[in-house]
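Scroll down for the structure; my scribbles are underneath it.
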Amino acid sequence: MYVPEPQAAEINAVRRLLDPIQANLIPAHVTLCREDELTSINTASLACRLSDARAKSFTLHFGKPQIFHQHGILLPCIAGDEPFHALRRHVLASTAVRHHAAHITLAHPRNPKSAGNSLASANLLPEMLAIHFTRVALIEQTGAMPWRVLQTCEIHASNQQ
C-alpha cells in the first residue's frame with residue numbers, strides 16, 4: 001500500500017536522505033502481504049477480494065523512527081493496526097495468517113549505509129503520522145530493478161479515519 005500524498009512526498013524526501021538506493025527502488029509503502037503469502041492467489045482472485053465490501057480503508061498511526069538490523073530505520077505502526085490485520089486475513093482468506101507488523105521502511109539494512117543514514121535525519125519527520133490507506137497495489141520486482149505496479153485496487157471507504 002503506497003503512502004498517499006501529501007505524506008508520501010515528505011516521507012520519500014527523508015527516505016532519499018537515509019537510503020537513496022531503497023528510495024529509488026520503491027516509494028514509501030506499507031507491505032500488506034509478502035510475495036510468499038500470495039503464491040497460491042491469482043491476480044483475479046486478489047482483485048475480487050479487494051473489491052469485496054469487507055475490504056475497508058483504514059488509518060495507521062506511525063510513531064518515532066526506530067533502528068533495526070544495524071542501520072535499517074523504520075516507522076513503527078503504533079495504532080490502528082487491527083483493520084490492517086483484518087484486511088490481511090481477508091486477502092489471504094485465512095484466519096491463520098502469520099503476524100506481520102505494519103511499518104514504513106525508511107532505510108533498508110541490505111543496502112550500504114549512506115552518509116545521511118541517522119536517527120537525526122529520520123527525526124525530520126513529524127513525531128506522529130496518521131496515514132489513511134484507500135488502495136492496494138499489486139507490485140513486482142524483477143532482479144534489482146525498481147518495483148513496478150501490476151494492478152491497483154481501491155478499497156471501500158470505512159467510517160474510521
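Ligands are numbered from 1 in the order shown, chains are lettered A, B, ... in the order of the C-alpha cells, and residues start at 1 in each chain.
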Skip Arg16 of chain A itself and residues of its chain fewer than 3 positions away, then list as JSON, numbers by chain all residues within 12 Å of it, counting only C-alpha atoms.
-> {"A": [8, 9, 10, 11, 12, 13, 19, 20, 21, 22, 23, 24, 25, 26, 27, 28, 105, 106, 107, 108, 114, 115, 116, 117, 121, 122]}
Spatial neighbours of Ile41 of chain A, max dist 8 Å, only C-alpha atoms, sep filter under 4 positions, as a count of residues only = 3
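Residue-level DSSP output for segment 31-132 of chain A, from the backbone, shows alpha helix (DSSP H) at A:Thr43, A:Ala44, A:Ser45, A:Leu46, A:Ala47, A:Cys48, A:Arg49, A:Leu50, A:Ser51, A:Asp81, A:Glu82, A:Pro83, A:Phe84, A:His85, A:Ala86, A:Leu87, A:Arg88, A:Arg89, A:His90, A:Val91, A:Leu92, A:Leu119, A:Ala120, A:Ser121, A:Ala122.
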Name the residues of segment 35-112 of chain A that fall into strand (DSSP E or B) according to DSSP on the backbone, using the chain letters and numbers of this document, as a VMD selection string.
-> chain A and resid 56 58 to 62 66 to 68 72 to 79 103 to 107
Considering only C-alpha atoms, return as a count of residues only whatever protein or nucleic-acid residues lie within 12 Å of Met1 of chain A, sequence-local ones (same chain, fewer than 2 positions apart) excluded.
-> 37
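Computed from the coordinates, the atom CA of Pro112 of chain A to atom CA of Leu38 of chain A distance equals 29.1 Å.
Of the residues listed (A:Arg110, A:His100, A:Arg49, A:His85), A:Arg110 shows the shortest atom-to-atom separation from His69 of chain A; distances use only C-alpha atoms.
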Using only C-alpha atoms, which of the listed residues (A:Lys64, A:Arg54, A:His99, A:His71) sits closest to Glu37 of chain A?
->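 Looking at the shortest contact to Glu37 of chain A, the residue is A:His99.
Closest approach to Leu50 of chain A from the set A:Ala120, A:Glu35, A:Ala93, A:Ala101 is made by A:Ala93, with distances taken over only C-alpha atoms.
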